[in-house]
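Have a look at the structure below before the remarks.
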Amino acid sequence: MDFNFTEEQLMIRDAARDLAQRELILDVLERDEHSIFPEKHVKRLAELGFLGMMVDPKWDGGGMDTVSYVLAMEEISKVDASVAVIMSVSNSLVMWGIEEFGNDAQKEKYLKPLAKGEILGAFLLSEPEAGSDATSQRTTAKEDGDFYVLNGTKNWISNANCASVYVVMAQTHPEKKHKGINVFIVEKNSPGIALGPHENKMGMRSSDTHSVMFTDVRVPKENRIGEDGFGFTFAMKTLDGGRIGIASQALGIASGAFELAVKYAKERKAFGTEIIHHQAIAFKLAEMAVKIENARNLCLKAAWLKDQHKPYGLASAMAKQYTADIAMEVTTEAVQIHGGYGYVKEYHVERLMREAKLTQIYEGTSEVQKIVISRSLF
Ligand code: CAA
């Protein structure tokens with residue numbers, strides 16, 4: 001395996017780093033405090049080609065590889081994981097699924113504007129009573145002539161308000177259980193769609209999360225992706241890739257907190273010297289560095305396997321579980337190293353710790369990843 005990055009991959013990483021360190025940093029605290037959606041930053045993501053970065057240029061995307069995506073996600077998440085999740089959901093959960101399984105008409109109509117960053121997408125799988133247990137979909141999609149009629153509620157939907165296009169899983173043939181689930185492209189402005197209030201979250205507070213209610217929403221049959229009953233397989237395959245995005249988000253949160261902790265430990269003096277010279281602090285930093293390096297290798301390996309068109313579901317589950325869990329550990333230690341300063345907002349590490357928590361929950365909890373990993377053993 002070659003551990004060198006290509007010139008193009010390094011350019012993409014540097015562009016993401018510039019965006020994060022020069023622009024996102026300026027208002028990240030205010031947006032976190034007041035849950036403000038990062039409208040102008042999303043426009044910049046589009047201008048720089050980060051929305052739709054992996055889509056084939058034939059469909060107006062950037063044609064970049066998954067390794068580049070991991071590098072960009074890490075840099076953006078170091079500073080602002082809320083912006084990173086907007087980018088990740090649209091790229092990996094929405095565009096990848098449409099590009100891989102949609103037909104040409106669907107790609108022309110929906111993938112092209114998504115890839116250009118003109119519109120955003122959201123992925124609607126979770127429900128009030130179907131989170132980890134994703135086969136238990138209660139949202140229904142009943143056939144009616146040339147349409148499906150959708151009824152039900154989806155929960156915890158990232159990008160619910162800012163997206164124009166939803167990818168929605170719903171049950172058409174309950175007697176067939178998960179094999180009766182379908183997946184549809186639904187326009188958000190369709191009559192019968194209503195949003196719940198903006199969720200007042202612990203972290204990722206400037207990303208927009210709502211529940212979405214469907215009441216007799218008519219979706220043309222041509223908006224179904226794949227064969228009848230393909231919806232659950234679609235969701236699982238799409239999440240295999242989505243988890244690489246969230247793993248690299250968690251990696252960025254961990255490495256962002258680590259960099260701040262090193263900087264602080266080099267500046268802060270106690271007992272006559274900079275605290276980095278105290279073994280209690282130096283060993284904490286050493287352990288954090290090893291965890292981050294392991295996590296980065298797992299993320300890059302999953303991305304590399306995907307780019308090589310080799311199976312990557314197991315690698316992405318390992319990357320997501322490990323990286324999310326160490327992000328929680330690393331950010332907690334970063335707060336500890338900062339002492340009282342770590343507990344106040346200006347030093348950023350408490351925000352990174354709140355953001356890390358969500359990476360252990362969404363796009364499959366750490367426990368779900370362990371189900372996937374352990375099942376590969378039997
Ligand atoms: N690829 C293809 N097919 C897959 C698959 C994969 N990765 N994983 C499972 N399947 C198939 C299985 O082969 C099986 O097919 P057959 O019936 O034909 O044999 C079928 O799907 C059912 O699989 P399981 O029996 O393994 O299903 P299960 O009920 O035991 O659940 C699970 C498995 C891994 C726990 C799954 O339900 C799961 O991933 N749950 C978590 C869902 C999740 O990640 N939700 C996050 C929501 S999205 C989000 O957070 C977005 C956001 O806004 C940020």
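Residue names in the structure tokens use chain letters A, B, ... in the order shown, residue numbers from 1 in each chain, and ligand numbers from 1 in the order shown.
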
Residue set, range 102-290 of chain A restricted to alpha helix (DSSP H), as a PyMOL selection string: chain A and resi 104-106+112-115+231-267+279-290

Do you have, as CSV, the list of residues of chain A lying at most 6 Å from ligand 1, each with its nearest atom pair and that distance in Å to one decimal, counting only C-alpha atoms and all ligand atoms and ordered by chain then number?
```
residue,atom,partner,partner_atom_place_in_ligand_line,distance
A:Phe123,CA,ligand 1,51 (C),5.8
A:Leu125,CA,ligand 1,47 (C),5.5
A:Ser126,CA,ligand 1,47 (C),5.1
A:Gly131,CA,ligand 1,45 (N),5.7
A:Ser132,CA,ligand 1,41 (C),4.0
A:Asp133,CA,ligand 1,37 (O),4.8
A:Ala134,CA,ligand 1,37 (O),4.3
A:Thr135,CA,ligand 1,29 (O),5.4
A:Ile157,CA,ligand 1,53 (O),4.6
A:Ser158,CA,ligand 1,53 (O),4.0
A:Thr233,CA,ligand 1,3 (N),4.7
A:Met236,CA,ligand 1,6 (C),4.4
A:Lys237,CA,ligand 1,1 (N),4.3
A:Asp240,CA,ligand 1,7 (N),5.8
A:Gly313,CA,ligand 1,7 (N),5.7
A:Tyr362,CA,ligand 1,50 (O),4.0
A:Glu363,CA,ligand 1,50 (O),3.5
A:Gly364,CA,ligand 1,44 (O),3.3
A:Val368,CA,ligand 1,35 (C),5.3
A:Val372,CA,ligand 1,34 (C),5.5
```

For Leu239 in chain A: contacts at 8 Å, only C-alpha atoms, fewer than 4 positions along chain excluded, given as a ChimeraX atom specification: /A:93,235,243,363

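Between Pro220 in chain A and the candidates A:Ser190, A:Asn200, A:Gln137, A:Ser88, the tightest atom-to-atom separation, counting only C-alpha atoms, involves A:Ser190.
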
I'd like a table as a Markdown table: residues in range 5-28 of chain A with an atom no more than 10 Å from range 32-51 of chain A, each row giving the shortest atom pair and its distance in Å to one decimal, only C-alpha atoms counted, sorted by chain and rising residue number.
```
| residue | atom | partner | partner_atom | distance |
| --- | --- | --- | --- | --- |
| A:Ile12 | CA | A:Phe50 | CA | 9.0 |
| A:Ala15 | CA | A:Leu48 | CA | 8.0 |
| A:Ala16 | CA | A:Phe50 | CA | 8.5 |
| A:Leu19 | CA | A:Arg44 | CA | 8.2 |
| A:Ala20 | CA | A:His41 | CA | 9.6 |
| A:Glu23 | CA | A:His41 | CA | 7.9 |
| A:Leu24 | CA | A:His41 | CA | 7.1 |
| A:Asp27 | CA | A:Asp32 | CA | 8.6 |
| A:Val28 | CA | A:Asp32 | CA | 6.1 |
```

Can I get the selected residues back with N, CA, C and O atoms, as a compact mmCIF listing (two decimals), in the first residue's frame?
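File part_3.txt, as written:
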```txt
# COMPACT_ATOMS: atom_id res chain seq x y z
N ILE A 12 -6.50 19.26 -2.62
CA ILE A 12 -7.87 19.25 -2.07
C ILE A 12 -7.81 19.42 -0.55
O ILE A 12 -8.56 20.20 0.04
N ALA A 15 -7.00 23.02 0.22
CA ALA A 15 -8.14 23.93 -0.02
C ALA A 15 -9.15 23.83 1.12
O ALA A 15 -9.70 24.84 1.58
N ALA A 16 -9.37 22.61 1.60
CA ALA A 16 -10.31 22.41 2.72
C ALA A 16 -9.75 23.04 3.99
O ALA A 16 -10.47 23.68 4.77
N LEU A 19 -10.17 26.84 3.80
CA LEU A 19 -11.57 27.21 4.04
C LEU A 19 -11.86 27.17 5.54
O LEU A 19 -12.47 28.09 6.11
N ALA A 20 -11.41 26.09 6.19
CA ALA A 20 -11.72 25.91 7.61
C ALA A 20 -11.00 26.95 8.46
O ALA A 20 -11.62 27.62 9.30
N GLU A 23 -12.00 30.81 7.12
CA GLU A 23 -13.38 31.29 7.01
C GLU A 23 -14.30 30.68 8.08
O GLU A 23 -14.97 31.41 8.81
N LEU A 24 -14.32 29.36 8.18
CA LEU A 24 -15.27 28.73 9.11
C LEU A 24 -15.01 29.14 10.55
O LEU A 24 -15.92 29.32 11.35
N ASP A 27 -16.82 32.48 12.53
CA ASP A 27 -18.13 32.60 13.19
C ASP A 27 -18.62 31.28 13.78
O ASP A 27 -19.79 31.13 14.10
N VAL A 28 -17.70 30.30 13.92
CA VAL A 28 -18.14 28.98 14.38
C VAL A 28 -18.74 29.03 15.79
O VAL A 28 -19.75 28.37 16.08
```

Within 8 Å of range 172-184 of chain A using only C-alpha atoms, minus same-chain residues under 3 positions, as a list in words: Thr135, Ser136, Gln137, Thr140, Ala141, Lys142, Glu143, Tyr166, Val167, Val168, Met169, Val219, Asn223, Arg224, Ile225, Gly226, Asp228, Gly229, Phe230, Gly231, Phe232 and Phe234 of chain A

Nearest residue to Ala81 in chain A from the set A:Ile25, A:Val94, A:Val149, A:Val217 (distances using only C-alpha atoms):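 Using only C-alpha atoms, the shortest distance to Ala81 in chain A belongs to A:Ile25.
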
Given only C-alpha atoms as the counted atoms, nearest of A:Leu26, A:Thr365, A:Glu222, A:Gly241 to Asp146 in chain A: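 Among A:Leu26, A:Thr365, A:Glu222, A:Gly241, it is A:Glu222 that comes nearest to Asp146 in chain A.
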
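The spacing separating CA of Gly252 in chain A from CA of Glu274 in chain A amounts to 25.9 Å.
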
Residue list (strand (DSSP E or B), DSSP) for range 63-247 of chain A, as a ChimeraX atom specification: /A:121-124,127,130,140-144,147-158,165-171,181-187,193-195,209-220,224

Proximity to Glu127 in chain A - best of A:Cys162, A:Met213, A:Leu260, A:Ala265, only C-alpha atoms: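 Of the candidates, the smallest distance to Glu127 in chain A is held by A:Met213.
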
For Leu195 in chain A: contacts at 12 Å, only C-alpha atoms, fewer than 4 positions along chain excluded, given as a list in words: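 In the requested format, the answer is Thr153, Lys154, Asn155, Trp156, Ile157, Ser158, Asn159, Ala160, Asn161, Cys162, Ala163, Lys188, Asn189, Glu199, Asp208, Thr209, His210, Ser211, Val212, Met213, Phe214 and Thr215 of chain A.
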
Could you write out the selected residues, including N, CA, C and O atoms, as a tab-separated table (two decimals), in the first residue's frame?
```
chain	number	residue	atom	x	y	z
A	153	THR	N	-43.68	9.37	9.52
A	153	THR	CA	-42.78	10.38	10.10
A	153	THR	C	-41.34	9.88	10.11
A	153	THR	O	-41.08	8.73	10.46
A	154	LYS	N	-40.44	10.75	9.70
A	154	LYS	CA	-39.00	10.45	9.76
A	154	LYS	C	-38.37	11.36	10.82
A	154	LYS	O	-38.77	12.52	10.97
A	155	ASN	N	-37.39	10.82	11.52
A	155	ASN	CA	-36.79	11.55	12.65
A	155	ASN	C	-35.31	11.84	12.47
A	155	ASN	O	-34.63	11.09	11.78
A	156	TRP	N	-34.85	12.88	13.15
A	156	TRP	CA	-33.41	13.20	13.21
A	156	TRP	C	-32.82	13.41	11.82
A	156	TRP	O	-31.76	12.87	11.52
A	157	ILE	N	-33.52	14.15	10.98
A	157	ILE	CA	-33.06	14.26	9.60
A	157	ILE	C	-32.13	15.47	9.44
A	157	ILE	O	-32.57	16.62	9.48
A	158	SER	N	-30.85	15.15	9.21
A	158	SER	CA	-29.87	16.21	8.93
A	158	SER	C	-30.19	16.81	7.57
A	158	SER	O	-30.55	16.08	6.64
A	159	ASN	N	-30.05	18.11	7.43
A	159	ASN	CA	-30.33	18.86	6.19
A	159	ASN	C	-31.83	18.92	5.87
A	159	ASN	O	-32.20	19.27	4.74
A	160	ALA	N	-32.69	18.59	6.84
A	160	ALA	CA	-34.12	18.50	6.53
A	160	ALA	C	-34.67	19.81	5.95
A	160	ALA	O	-35.48	19.78	5.03
A	161	ASN	N	-34.21	20.93	6.47
A	161	ASN	CA	-34.77	22.20	6.01
A	161	ASN	C	-34.02	22.75	4.80
A	161	ASN	O	-34.61	23.25	3.86
A	162	CYS	N	-32.68	22.60	4.81
A	162	CYS	CA	-31.90	23.22	3.72
A	162	CYS	C	-31.95	22.38	2.44
A	162	CYS	O	-31.66	22.89	1.36
A	163	ALA	N	-32.31	21.11	2.54
A	163	ALA	CA	-32.31	20.26	1.34
A	163	ALA	C	-33.52	20.54	0.46
A	163	ALA	O	-34.60	20.88	0.95
A	188	LYS	N	-38.75	18.22	-1.77
A	188	LYS	CA	-39.16	18.70	-0.45
A	188	LYS	C	-40.41	19.58	-0.51
A	188	LYS	O	-41.20	19.62	0.44
A	189	ASN	N	-40.58	20.28	-1.62
A	189	ASN	CA	-41.75	21.18	-1.69
A	189	ASN	C	-43.03	20.45	-2.13
A	189	ASN	O	-44.02	21.09	-2.44
A	199	GLU	N	-34.27	20.85	15.89
A	199	GLU	CA	-33.87	20.16	17.12
A	199	GLU	C	-32.79	20.97	17.83
A	199	GLU	O	-31.80	21.39	17.21
A	208	ASP	N	-28.74	21.56	10.38
A	208	ASP	CA	-30.18	21.72	10.54
A	208	ASP	C	-30.86	20.35	10.61
A	208	ASP	O	-30.76	19.55	9.70
A	209	THR	N	-31.45	20.05	11.76
A	209	THR	CA	-32.02	18.72	12.03
A	209	THR	C	-33.48	18.87	12.45
A	209	THR	O	-33.78	19.64	13.37
A	210	HIS	N	-34.34	18.12	11.77
A	210	HIS	CA	-35.78	18.19	12.06
A	210	HIS	C	-36.37	16.80	11.88
A	210	HIS	O	-35.78	15.94	11.22
A	211	SER	N	-37.59	16.61	12.38
A	211	SER	CA	-38.38	15.47	11.92
A	211	SER	C	-39.15	15.94	10.68
A	211	SER	O	-39.32	17.13	10.45
A	212	VAL	N	-39.55	14.96	9.86
A	212	VAL	CA	-40.28	15.29	8.61
A	212	VAL	C	-41.53	14.42	8.56
A	212	VAL	O	-41.44	13.19	8.67
A	213	MET	N	-42.69	15.07	8.43
A	213	MET	CA	-43.96	14.34	8.40
A	213	MET	C	-44.50	14.27	6.97
A	213	MET	O	-44.52	15.30	6.27
A	214	PHE	N	-44.96	13.11	6.58
A	214	PHE	CA	-45.55	12.91	5.25
A	214	PHE	C	-47.03	12.60	5.43
A	214	PHE	O	-47.39	11.64	6.12
A	215	THR	N	-47.88	13.40	4.79
A	215	THR	CA	-49.32	13.13	4.80
A	215	THR	C	-49.81	13.09	3.36
A	215	THR	O	-49.85	14.11	2.67
```

Nearest residue to Asp80 in chain A from the set A:Ala122, A:Ala270, A:Val349, A:Ile98 (distances using only C-alpha atoms):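 Selected residue with least distance to Asp80 in chain A: A:Val349.
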
Distance in Å - CA of Leu111 in chain A versus CA of Val55 in chain A: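 About the pair CA of Leu111 in chain A and CA of Val55 in chain A: they are 8.6 Å apart.
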
Long-range neighbours of Gly61 in chain A as a PyMOL selection string, 8 Å cut-off, only C-alpha atoms, 2 positions minimum in chain: chain A and resi 49+52-59+63+112+115-116
